[in-house]
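Enquirer: Okay, handing you the structure first.
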Amino acid sequence: MTVRVVLPLPLDQAFTYLVPEDLAGEAQVGSRVLVPFGPRRLTGLIVERTDEADALSDYFRLKPILDVLDAAPAFTGELIRLTQWIANYYVCGWGEAVKAALPSGVDIAEKHHIRRTEAPAVFWEDHPDVGPMLRYLDHHTEATLGGLRQQGIDVPLVLLRRLESDGLITIVKALKKPKVRIKYEKHLRFAPAFRNTGAVKDLTKQLRGLKQVAVVEALAGFALEGHPEPRKADVLERAQAATTTTNRLVEKGILEVIEKEVIRAPVYTFAAEPQAPFRAFHRAQRAALDQIHAALDARRFETFLLHGVTGSGKTEVYIAALKKVLARGQTGIILVPEIALTPQTVQRFRRHFGDKIAVLHSRMSLGERYDAWRHLRSGRYSVVIGPRSAVLAPLSNVGLIVVDEEHEPSYKQFDPSPRYHARDVAVMRARMNGAVCVLGSATPSLESFRNARTGKYTLLEMPERVPVPGHAAAPLPDIEIVDLTLERKKHRLHGALSETLREAIEQRLMRGEQVILLQNRRGYAPVIECQECGFVPVCFDCSVTMTYHKPRRRLRCHYCGRTQRMLAACPKCDSKDLSQLGAGTQRVEEELERHFPGAAIARMDLDTTGRKNAHHKILDRFGRGDADILIGTQMVAKGLDFSRVTLVGVISADVGMQLPDFRAEERTFQLLTQVAGRAGRAELRGEVMLQTRNPKHPVFRYILAHDYDGFAQVMMDERNAFDYPPFGRIVGVEFRGPEEELVDQMARRWTKLLTERVPGVVQVLGPEPAFVGRVKKQYRYHTIIKAPKTFTGLQDILRAVIKKFGNTPRGYHVAVDVDAIGLF
């Protein structure tokens with residue numbers, strides 16, 4: 001028997017392997033296997049079983065699989081088909097798509113141990129890579145490739161094999177075990193003869209050791225509390241005893257040690273939540289839910305665009321639809337755009353579905369993700385909640401997929417491959433399962449809005465906020481434009497906060513209400529500039545200015561993470577007159593502390609949410625009322641629901657408006673409308689203040705009027721005139737590498753191969769240097785492809801170009817991004 005296996009490599013094919021007789025029963029479609037691939041051993045996935053090779057000669061040349069790594073298949077047939085579609089549509093290797101659907105740390109990898117021989121290195125001592133490696137090995141027994149790279153020594157594997165053939169080194173290959181595995185904890189229980197109260201009382205009289213008696217009494221106490229098999233650590237803590245004591249009791253046959261699996265999960269997943277009170281649906285909610293239920297009852301695939309204003313009760317519609325799906329034994333996927341939204345969303349769903357919910361996101365530990373993935377696959381959990389990667393969760397019999405805030409660009413994967421859009425993958429997965437997909441947003445993407453207008457999606461509208469228990473529906477907040485240029489002329493601007501905004505904040509604090517402030521720039525000062533010569537510190541590895549972070553007095557690059565000390569003087573002219581231009585979240589926080597010394601302030605940005613569960617802790621603090629003001633980047637703009645928030649302020653509403661991207665205005669409208677929706681969601685009236693230096697920009701007219709339809713129509717007319725999405729398709733091709741001239745040459749050659757193959761209806765723009773021309777020591781060039789929506793052969797052309805172009809030089813990369821979102 002043979003099997004077809006895909007490998008986690010950028011290759012457009014599967015490979016055939018023999019199955020040894022002793023593995024024939026375990027080598028099932030969807031199982032992970034360890035296979036030889038050239039000189040390496042890799043973890044792959046079986047995607048097909050075949051009875052025999054294409055020809056007898058091929059059969060004898062085939063290599064056998066080395067091991068089957070799963071007791072039960074890791075992938076269902078549906079997930080195999082979905083990853084194949086992702087690979088085909090987004091022009092990447094099938095194995096790369098498979099890897100994206102697996103939790104990190106489960107692969108068996110190969111490790112190379114390099115040792116020095118006694119042979120002289122006559123011709124290699126001056127080699128820039130080999131020389132340092134040989135000198136390092138002269139003082140160390142052995143080294144790994146990773147260890148050498150940590151020393152700044154990077155020798156290609158092909159060169160290492162040449163050195164081995166010359167007798168200078170030996171390479172010993174070993175398999176590294178997976179980084180994650182099932183976690184077990186030791187529990188204690190009484191042996192069968194001692195599982196009654198009388199036997200325990202007799203034991204305490206017979207045992208002479210005080211610690212042994214304490215352990216027995218502690219275990220008996222746990223049993224009376226309803227925990228007959230408590231954790232060993234808990235028993236020892238209560239008894240104030242050591243492990244040697246329990247060991248003696250086990251040897252005497254009094255106690256037994258058993259191991260139980262530990263399910264690792266984020267702390268907020270286990271938070272006890274009361275059952276949510278029933279609230280009658282508003283008429284628009286009921287109308288939307290009736291249509292969703294009709295599709296569910298008919299078991300037909302249908303995609304709904306749920307266009308509801310902020311506070312219109314979209315989440316309650318999701319929950320009601322999910323209840324119907326779970327009641328008939330199916331499963332559901334709930335996607336959120338930000339990790340910051342996951343805790344609040346999980347807790348809202350847990351009130352209705354309890355422990356049927358699993359969480360998947362990148363800030364979880366390897367063990368937490370592995371446990372969630374395994375139990376989703378086994379059927380222990382019926383619902384998964386998380387950002388984009390949760391769309392690939394190993395659920396069976398999917399009945400409902402929800403994409404909340406479907407317009408968010410964070411649903412698009414940028415690096416590494418596959419560069420998929422989770423919203424579009426969600427629609428395809430629903431189609432493959434005959435399931436319902438609900439895309440929800442107060443500000444839908446123009447792509448989804450166009451699909452709803454043309455009938456591809458079914459449009460459901462909820463134009464009003466839902467009533468609050470005991471009160472009428474909360475009106476949409478009043479929005480005020482604060483002209484910063486005018487404020488400065490009136491001497492009402494002395495920092496990031498205008499007096500108009502400060503006075504509004506003060507009023508809320510006096511009334512015991514809460515405030516959310518958005519500043520979509522982190523750090524303290526985005527730019528440091530010498531006032532004498534105009535020098536601006538730029539990252540050594542990227543062509544961007546460095547941002548000043550005050551708490552540690554460091555300059556930091558927000559592209560590569562490089563840091564350096566704050567300059568004491570200008571390195572160009574030695575002037576000490578260095579101005580800190582602009583305001584990041586740190587500077588706004590400092591200004592708030594100065595103006596409102598009695599207020600409790602919470603800041604939420606990448607600097608404060610780097611630690612595990614940091615998002616949950618900050619939002620939990622704000623939700624309890626322990627913080628009066630929440631200042632943050634765009635992660636505070638979406639999905640948050642706090643009843644006491646009556647004021648939302650945007651420090652600089654112009655951020656992002658002038659980016660060289662045709663979606664800049666759309667994103668600005670969405671961000672400002674979304675953050676405005678955080679205000680006045682309950683019985684207290686909400687107000688929004690947008691600070692801007694460009695108050696007459698057309699986008700503000702539609703924001704003030706809460707007029708999405710008007711804004712969308714204007715944007716649609718512009719996009720249609722220039723064949724931009726949703727009326728055309730965009731593919732971005734990025735070329736990057738350490739030498740700009742070679743990147744330029746590579747980009748020109750690749751683009752020439754492309755232009756020779758595309759028909760006249762397809763436009764090829766570039767190659768040109770990217771807006772940010774250098775990131776992480778890599779120069780960047782872009783080619784943009786614009787194609788009509790009706791043109792269907794683009795992926796085939798791209799694959800042909802990739803094949804014709806061949807392999808890129810070491811250290812150089814070509815990245816194809818189908819349906820690109822960011823083009824700068």
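The chains in the structure tokens are called A, B, ... from first to last as shown; in each chain the residues are counted from 1, and the ligands are counted from 1 in the order shown.
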Near Leu203 in chain A, within 10 Å and counting only C-alpha atoms, which residues show up once chain neighbours fewer than 6 positions away are dropped, as a PyMOL selection string?
Expert: chain A and resi 194+197+212-213+216-217+254
Enquirer: Can those selected residues be exported to a file as an mmCIF file, in the first residue's frame so that it contains all heavy atoms?
Expert:
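And here's selection.cif as it stands now:
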```cif
data_model
loop_
_atom_site.group_PDB
_atom_site.id
_atom_site.type_symbol
_atom_site.label_atom_id
_atom_site.label_comp_id
_atom_site.auth_asym_id
_atom_site.auth_seq_id
_atom_site.Cartn_x
_atom_site.Cartn_y
_atom_site.Cartn_z
ATOM 1 N N PHE A 194 -9.883 0.648 52.294
ATOM 2 C CA PHE A 194 -9.953 1.761 53.251
ATOM 3 C C PHE A 194 -10.906 2.874 52.787
ATOM 4 O O PHE A 194 -10.798 4.015 53.221
ATOM 5 C CB PHE A 194 -8.552 2.355 53.461
ATOM 6 C CG PHE A 194 -7.565 1.357 53.979
ATOM 7 C CD1 PHE A 194 -6.718 0.678 53.106
ATOM 8 C CD2 PHE A 194 -7.491 1.057 55.340
ATOM 9 C CE1 PHE A 194 -5.812 -0.255 53.574
ATOM 10 C CE2 PHE A 194 -6.581 0.119 55.821
ATOM 11 C CZ PHE A 194 -5.748 -0.552 54.939
ATOM 12 N N THR A 197 -15.673 5.091 56.192
ATOM 13 C CA THR A 197 -15.351 5.949 57.347
ATOM 14 C C THR A 197 -14.741 5.151 58.485
ATOM 15 O O THR A 197 -13.781 5.581 59.145
ATOM 16 C CB THR A 197 -16.625 6.666 57.831
ATOM 17 O OG1 THR A 197 -17.218 7.365 56.741
ATOM 18 C CG2 THR A 197 -16.299 7.647 58.950
ATOM 19 N N GLN A 212 1.830 10.831 58.746
ATOM 20 C CA GLN A 212 0.980 9.880 58.034
ATOM 21 C C GLN A 212 -0.476 10.046 58.443
ATOM 22 O O GLN A 212 -1.381 9.995 57.608
ATOM 23 C CB GLN A 212 1.463 8.448 58.307
ATOM 24 C CG GLN A 212 2.830 8.148 57.700
ATOM 25 C CD GLN A 212 3.252 6.702 57.924
ATOM 26 O OE1 GLN A 212 2.424 5.843 58.211
ATOM 27 N NE2 GLN A 212 4.547 6.438 57.783
ATOM 28 N N VAL A 213 -0.700 10.253 59.718
ATOM 29 C CA VAL A 213 -2.060 10.493 60.213
ATOM 30 C C VAL A 213 -2.629 11.767 59.581
ATOM 31 O O VAL A 213 -3.791 11.809 59.167
ATOM 32 C CB VAL A 213 -2.070 10.608 61.747
ATOM 33 C CG1 VAL A 213 -3.446 11.061 62.244
ATOM 34 C CG2 VAL A 213 -1.694 9.282 62.379
ATOM 35 N N VAL A 216 -3.715 11.065 55.994
ATOM 36 C CA VAL A 216 -4.954 10.292 55.954
ATOM 37 C C VAL A 216 -6.153 11.176 56.300
ATOM 38 O O VAL A 216 -7.198 11.132 55.646
ATOM 39 C CB VAL A 216 -4.860 9.090 56.909
ATOM 40 C CG1 VAL A 216 -6.228 8.430 57.101
ATOM 41 C CG2 VAL A 216 -3.859 8.066 56.395
ATOM 42 N N GLU A 217 -6.015 12.010 57.335
ATOM 43 C CA GLU A 217 -7.118 12.885 57.727
ATOM 44 C C GLU A 217 -7.401 13.939 56.637
ATOM 45 O O GLU A 217 -8.558 14.281 56.385
ATOM 46 C CB GLU A 217 -6.786 13.572 59.061
ATOM 47 C CG GLU A 217 -6.803 12.600 60.242
ATOM 48 C CD GLU A 217 -6.429 13.271 61.548
ATOM 49 O OE1 GLU A 217 -5.807 14.375 61.483
ATOM 50 O OE2 GLU A 217 -6.734 12.720 62.608
ATOM 51 N N ILE A 254 -2.117 1.481 51.655
ATOM 52 C CA ILE A 254 -3.214 2.296 52.199
ATOM 53 C C ILE A 254 -3.722 3.300 51.154
ATOM 54 O O ILE A 254 -4.919 3.515 51.021
ATOM 55 C CB ILE A 254 -2.746 3.038 53.470
ATOM 56 C CG1 ILE A 254 -2.406 2.005 54.559
ATOM 57 C CG2 ILE A 254 -3.794 4.026 53.949
ATOM 58 C CD1 ILE A 254 -1.724 2.611 55.768
#
```
Enquirer: With range 321-325 of chain A as the partner and 10 Å as the cut-off, tabulate the residues of range 408-475 of chain A that qualify, each row holding the nearest pair of atoms and their distance in Å to one decimal, using only C-alpha atoms, sorted by chain and rising number, as a Markdown table.
Expert:
```
| residue | atom | partner | partner_atom | distance |
| --- | --- | --- | --- | --- |
| A:Ala435 | CA | A:Val325 | CA | 9.7 |
| A:Val436 | CA | A:Ala321 | CA | 9.5 |
| A:Val438 | CA | A:Ala321 | CA | 9.6 |
```
Enquirer: Could you write out that same residue set with N, CA and C atoms as a tab-separated table (two decimals), in the first residue's frame?
Expert:
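Final output, result.tsv:
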```tsv
chain	number	residue	atom	x	y	z
A	435	ALA	N	-23.32	24.62	5.85
A	435	ALA	CA	-23.59	25.33	7.10
A	435	ALA	C	-23.97	26.78	6.81
A	436	VAL	N	-24.30	27.49	7.88
A	436	VAL	CA	-24.64	28.91	7.80
A	436	VAL	C	-23.44	29.72	8.26
A	438	VAL	N	-22.43	33.67	9.29
A	438	VAL	CA	-22.95	35.00	9.61
A	438	VAL	C	-21.78	35.96	9.74
```
Enquirer: Would you kindly return, as a short mmCIF file (atom, residue, chain, number, x, y, z; two decimals) with all heavy atoms, in the first residue's frame, each protein, DNA or RNA residue with an atom no farther than 6 Å from any atom of Val762 in chain A, considering only C-alpha atoms and excluding same-chain residues fewer than 2 positions away?
Expert:
```cif
data_model
loop_
_atom_site.label_atom_id
_atom_site.label_comp_id
_atom_site.auth_asym_id
_atom_site.auth_seq_id
_atom_site.Cartn_x
_atom_site.Cartn_y
_atom_site.Cartn_z
N PRO A 759 -3.05 38.32 -19.75
CA PRO A 759 -3.74 38.96 -20.87
C PRO A 759 -3.86 40.46 -20.65
O PRO A 759 -3.58 40.98 -19.57
CB PRO A 759 -5.11 38.27 -20.87
CG PRO A 759 -5.31 37.86 -19.45
CD PRO A 759 -3.96 37.51 -18.92
N GLY A 760 -4.35 41.15 -21.66
CA GLY A 760 -4.42 42.60 -21.61
C GLY A 760 -5.37 43.14 -20.57
O GLY A 760 -5.23 44.30 -20.13
N LYS A 786 -3.64 44.07 -10.81
CA LYS A 786 -5.06 44.39 -10.78
C LYS A 786 -5.75 43.59 -11.88
O LYS A 786 -5.37 43.65 -13.04
CB LYS A 786 -5.28 45.89 -11.02
CG LYS A 786 -4.79 46.77 -9.89
CD LYS A 786 -4.91 48.25 -10.26
CE LYS A 786 -6.35 48.66 -10.46
NZ LYS A 786 -6.47 50.11 -10.77
N ALA A 787 -6.76 42.82 -11.48
CA ALA A 787 -7.46 41.96 -12.44
C ALA A 787 -8.96 42.14 -12.31
O ALA A 787 -9.46 42.41 -11.20
CB ALA A 787 -7.08 40.50 -12.20
#
```
Enquirer: My list of candidates is A:Arg135, A:Arg701, A:Lys173, A:Arg774. Which is closest to Gly737 in chain A when distances are computed with only C-alpha atoms?
Expert: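 Closest to Gly737 in chain A, using only C-alpha atoms: A:Arg774.
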Enquirer: Show me, as a PyMOL selection string, the residues that have an atom within 6 Å of range 531-544 of chain A when counting only C-alpha atoms, minus same-chain residues fewer than 6 positions from it.
Expert: chain A and resi 577+774-777
Enquirer: Kindly save the residues from that selection, with C-alpha atoms included, as a PDB file, in the first residue's frame.
Expert:
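So selection31.pdb came out as:
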```pdb
ATOM      1  CA  ASP A 577      17.797  70.493  21.729  1.00  0.00           C
ATOM      2  CA  ARG A 774      13.529  48.314   4.424  1.00  0.00           C
ATOM      3  CA  VAL A 775      12.399  46.129   7.319  1.00  0.00           C
ATOM      4  CA  LYS A 776      14.610  43.881   9.466  1.00  0.00           C
ATOM      5  CA  LYS A 777      17.639  44.470   7.199  1.00  0.00           C
TER       6      LYS A 777
END
```
Enquirer: Excluding Gln28 in chain A and any residue of its chain fewer than 6 positions from it, enumerate the residues within 12 Å of it, using only C-alpha atoms, and give them as a JSON list (two decimals) with N, CA, C and O atoms, in the first residue's frame.
Expert:
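Writing done, so here's selection.json:
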```
[["chain", "number", "residue", "atom", "x", "y", "z"],
["A", 1, "MET", "N", 0.84, -1.19, 0.00],
["A", 1, "MET", "CA", 0.00, 0.00, 0.00],
["A", 1, "MET", "C", 0.88, 1.25, 0.00],
["A", 1, "MET", "O", 1.96, 1.26, 0.60],
["A", 2, "THR", "N", 0.41, 2.29, -0.66],
["A", 2, "THR", "CA", 1.12, 3.57, -0.67],
["A", 2, "THR", "C", 0.17, 4.67, -0.20],
["A", 2, "THR", "O", -1.05, 4.53, -0.22],
["A", 3, "VAL", "N", 0.76, 5.79, 0.21],
["A", 3, "VAL", "CA", -0.02, 6.95, 0.64],
["A", 3, "VAL", "C", 0.57, 8.20, 0.02],
["A", 3, "VAL", "O", 1.76, 8.26, -0.32],
["A", 4, "ARG", "N", -0.29, 9.21, -0.14],
["A", 4, "ARG", "CA", 0.15, 10.52, -0.60],
["A", 4, "ARG", "C", 0.27, 11.42, 0.63],
["A", 4, "ARG", "O", -0.66, 11.52, 1.45],
["A", 5, "VAL", "N", 1.42, 12.08, 0.74],
["A", 5, "VAL", "CA", 1.73, 12.86, 1.94],
["A", 5, "VAL", "C", 2.09, 14.28, 1.53],
["A", 5, "VAL", "O", 2.87, 14.49, 0.58],
["A", 19, "VAL", "N", 3.87, 2.16, 2.70],
["A", 19, "VAL", "CA", 3.43, 1.94, 4.08],
["A", 19, "VAL", "C", 3.86, 0.54, 4.51],
["A", 19, "VAL", "O", 3.39, -0.46, 3.94],
["A", 45, "LEU", "N", 1.44, 14.96, 6.41],
["A", 45, "LEU", "CA", 0.06, 14.54, 6.63],
["A", 45, "LEU", "C", -0.39, 13.67, 5.47],
["A", 45, "LEU", "O", -0.22, 14.03, 4.30],
["A", 46, "ILE", "N", -0.99, 12.53, 5.79],
["A", 46, "ILE", "CA", -1.54, 11.65, 4.75],
["A", 46, "ILE", "C", -2.83, 12.27, 4.23],
["A", 46, "ILE", "O", -3.77, 12.52, 4.99],
["A", 47, "VAL", "N", -2.89, 12.52, 2.92],
["A", 47, "VAL", "CA", -4.09, 13.10, 2.31],
["A", 47, "VAL", "C", -4.80, 12.11, 1.39],
["A", 47, "VAL", "O", -5.92, 12.38, 0.94],
["A", 48, "GLU", "N", -4.15, 10.96, 1.15],
["A", 48, "GLU", "CA", -4.78, 9.96, 0.27],
["A", 48, "GLU", "C", -4.10, 8.62, 0.47],
["A", 48, "GLU", "O", -2.89, 8.55, 0.67],
["A", 49, "ARG", "N", -4.89, 7.53, 0.42],
["A", 49, "ARG", "CA", -4.35, 6.16, 0.43],
["A", 49, "ARG", "C", -4.55, 5.55, -0.95],
["A", 49, "ARG", "O", -5.61, 5.69, -1.55],
["A", 50, "THR", "N", -3.52, 4.90, -1.45],
["A", 50, "THR", "CA", -3.62, 4.23, -2.76],
["A", 50, "THR", "C", -3.20, 2.79, -2.61],
["A", 50, "THR", "O", -2.38, 2.45, -1.75],
["A", 68, "VAL", "N", 3.86, 6.51, 12.31],
["A", 68, "VAL", "CA", 2.57, 7.21, 12.36],
["A", 68, "VAL", "C", 2.49, 7.88, 13.72],
["A", 68, "VAL", "O", 2.65, 7.22, 14.75],
["A", 69, "LEU", "N", 2.23, 9.19, 13.73],
["A", 69, "LEU", "CA", 2.35, 9.97, 14.96],
["A", 69, "LEU", "C", 1.05, 10.15, 15.71],
["A", 69, "LEU", "O", 1.05, 10.68, 16.83],
["A", 70, "ASP", "N", -0.08, 9.75, 15.12],
["A", 70, "ASP", "CA", -1.37, 9.97, 15.77],
["A", 70, "ASP", "C", -2.10, 8.66, 15.98],
["A", 70, "ASP", "O", -2.16, 7.81, 15.08],
["A", 71, "ALA", "N", -2.68, 8.49, 17.19],
["A", 71, "ALA", "CA", -3.51, 7.32, 17.45],
["A", 71, "ALA", "C", -4.81, 7.41, 16.66],
["A", 71, "ALA", "O", -5.37, 6.40, 16.24],
["A", 72, "ALA", "N", -5.32, 8.63, 16.49],
["A", 72, "ALA", "CA", -6.50, 8.88, 15.66],
["A", 72, "ALA", "C", -6.15, 10.00, 14.69],
["A", 72, "ALA", "O", -5.33, 10.87, 15.00],
["A", 73, "PRO", "N", -6.75, 10.01, 13.50],
["A", 73, "PRO", "CA", -6.39, 11.04, 12.52],
["A", 73, "PRO", "C", -6.52, 12.45, 13.08],
["A", 73, "PRO", "O", -7.48, 12.77, 13.80],
["A", 74, "ALA", "N", -5.54, 13.29, 12.76],
["A", 74, "ALA", "CA", -5.54, 14.67, 13.22],
["A", 74, "ALA", "C", -6.49, 15.53, 12.40],
["A", 74, "ALA", "O", -6.98, 16.55, 12.88],
["A", 75, "PHE", "N", -6.74, 15.15, 11.15],
["A", 75, "PHE", "CA", -7.57, 15.93, 10.24],
["A", 75, "PHE", "C", -8.77, 15.11, 9.76],
["A", 75, "PHE", "O", -8.63, 13.92, 9.47],
["A", 76, "THR", "N", -9.91, 15.78, 9.66],
["A", 76, "THR", "CA", -11.05, 15.17, 8.99],
["A", 76, "THR", "C", -10.90, 15.37, 7.48],
["A", 76, "THR", "O", -10.11, 16.20, 7.02],
["A", 77, "GLY", "N", -11.68, 14.63, 6.71],
["A", 77, "GLY", "CA", -11.66, 14.82, 5.26],
["A", 77, "GLY", "C", -12.04, 16.24, 4.87],
["A", 77, "GLY", "O", -11.49, 16.81, 3.91]]
```
Enquirer: Among range 262-421 of chain A, which ones does DSSP place in strand (DSSP E), written as a CSV table (one decimal) with N, CA, C and O atoms, in the first residue's frame?
Expert:
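Wrote it out as part_26.csv, contents follow:
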```
chain,number,residue,atom,x,y,z
A,262,VAL,N,-4.4,17.0,32.8
A,262,VAL,CA,-4.7,18.4,33.1
A,262,VAL,C,-5.0,19.1,31.9
A,262,VAL,O,-4.3,19.0,30.9
A,302,GLU,N,-25.7,29.1,3.5
A,302,GLU,CA,-26.1,30.5,3.2
A,302,GLU,C,-25.2,31.4,4.0
A,302,GLU,O,-24.9,31.1,5.1
A,303,THR,N,-24.8,32.5,3.4
A,303,THR,CA,-24.0,33.5,4.0
A,303,THR,C,-24.9,34.8,4.3
A,303,THR,O,-25.5,35.3,3.3
A,304,PHE,N,-24.9,35.2,5.5
A,304,PHE,CA,-25.7,36.4,5.9
A,304,PHE,C,-24.7,37.5,6.3
A,304,PHE,O,-23.7,37.3,7.0
A,305,LEU,N,-25.0,38.7,5.8
A,305,LEU,CA,-24.3,39.9,6.3
A,305,LEU,C,-25.2,40.6,7.2
A,305,LEU,O,-26.2,41.2,6.9
A,306,LEU,N,-24.9,40.5,8.5
A,306,LEU,CA,-25.7,41.1,9.6
A,306,LEU,C,-25.1,42.5,9.8
A,306,LEU,O,-24.2,42.7,10.6
A,307,HIS,N,-25.8,43.5,9.2
A,307,HIS,CA,-25.4,44.9,9.3
A,307,HIS,C,-26.2,45.5,10.4
A,307,HIS,O,-27.4,45.9,10.2
A,308,GLY,N,-25.6,45.6,11.6
A,308,GLY,CA,-26.3,46.2,12.7
A,308,GLY,C,-25.5,47.3,13.4
A,308,GLY,O,-24.2,47.1,13.6
A,331,THR,N,-21.7,21.7,15.6
A,331,THR,CA,-20.7,22.5,16.3
A,331,THR,C,-20.6,23.9,15.6
A,331,THR,O,-21.2,24.1,14.6
A,332,GLY,N,-20.0,24.8,16.3
A,332,GLY,CA,-19.9,26.2,15.8
A,332,GLY,C,-18.6,26.8,16.1
A,332,GLY,O,-17.8,26.5,17.0
A,333,ILE,N,-18.3,27.8,15.2
A,333,ILE,CA,-17.0,28.6,15.2
A,333,ILE,C,-17.4,30.1,15.4
A,333,ILE,O,-18.2,30.6,14.6
A,334,ILE,N,-16.8,30.8,16.4
A,334,ILE,CA,-17.0,32.2,16.6
A,334,ILE,C,-15.7,32.9,16.4
A,334,ILE,O,-14.8,32.7,17.2
A,335,LEU,N,-15.6,33.7,15.4
A,335,LEU,CA,-14.3,34.4,15.2
A,335,LEU,C,-14.5,35.9,15.7
A,335,LEU,O,-15.5,36.6,15.4
A,357,ILE,N,-17.2,25.4,25.5
A,357,ILE,CA,-16.5,26.4,24.7
A,357,ILE,C,-14.9,26.2,24.9
A,357,ILE,O,-14.5,26.0,26.1
A,358,ALA,N,-14.2,26.2,23.8
A,358,ALA,CA,-12.8,26.2,23.8
A,358,ALA,C,-12.3,27.5,23.2
A,358,ALA,O,-13.0,28.2,22.4
A,359,VAL,N,-11.1,27.9,23.6
A,359,VAL,CA,-10.5,29.2,23.1
A,359,VAL,C,-9.2,28.8,22.3
A,359,VAL,O,-8.4,27.9,22.7
A,383,VAL,N,-17.8,24.3,20.6
A,383,VAL,CA,-17.7,25.7,20.2
A,383,VAL,C,-16.2,26.1,20.3
A,383,VAL,O,-15.6,25.9,21.4
A,384,VAL,N,-15.7,26.8,19.3
A,384,VAL,CA,-14.4,27.4,19.5
A,384,VAL,C,-14.5,28.9,19.3
A,384,VAL,O,-15.3,29.4,18.4
A,385,ILE,N,-13.9,29.7,20.1
A,385,ILE,CA,-13.9,31.2,20.0
A,385,ILE,C,-12.4,31.6,19.9
A,385,ILE,O,-11.5,31.2,20.6
A,386,GLY,N,-12.1,32.5,18.9
A,386,GLY,CA,-10.8,33.0,18.8
A,386,GLY,C,-10.6,33.9,17.5
A,386,GLY,O,-11.6,34.0,16.7
A,398,VAL,N,-19.7,20.9,11.4
A,398,VAL,CA,-19.8,22.4,11.6
A,398,VAL,C,-21.2,22.8,11.1
A,398,VAL,O,-21.5,22.6,9.9
A,399,GLY,N,-22.0,23.5,11.9
A,399,GLY,CA,-23.3,24.0,11.5
A,399,GLY,C,-23.4,25.5,11.4
A,399,GLY,O,-24.2,26.0,10.7
A,400,LEU,N,-22.5,26.2,12.1
A,400,LEU,CA,-22.6,27.7,12.1
A,400,LEU,C,-21.2,28.3,12.3
A,400,LEU,O,-20.4,27.8,13.1
A,401,ILE,N,-20.8,29.3,11.4
A,401,ILE,CA,-19.6,30.0,11.6
A,401,ILE,C,-20.0,31.5,11.6
A,401,ILE,O,-20.7,32.0,10.8
A,402,VAL,N,-19.5,32.2,12.7
A,402,VAL,CA,-19.8,33.6,12.9
A,402,VAL,C,-18.5,34.3,12.8
A,402,VAL,O,-17.5,34.0,13.4
A,403,VAL,N,-18.5,35.4,12.0
A,403,VAL,CA,-17.3,36.3,11.9
A,403,VAL,C,-17.7,37.6,12.4
A,403,VAL,O,-18.4,38.4,11.6
A,404,ASP,N,-17.4,37.9,13.6
A,404,ASP,CA,-17.8,39.2,14.2
A,404,ASP,C,-16.8,40.3,13.8
A,404,ASP,O,-15.6,40.0,13.7
```
Enquirer: Neighbours of Gly434 in chain A within 7 Å (only C-alpha atoms; same-chain residues fewer than 3 positions away dropped), as a PyMOL selection string?
Expert: chain A and resi 299-301+430-431
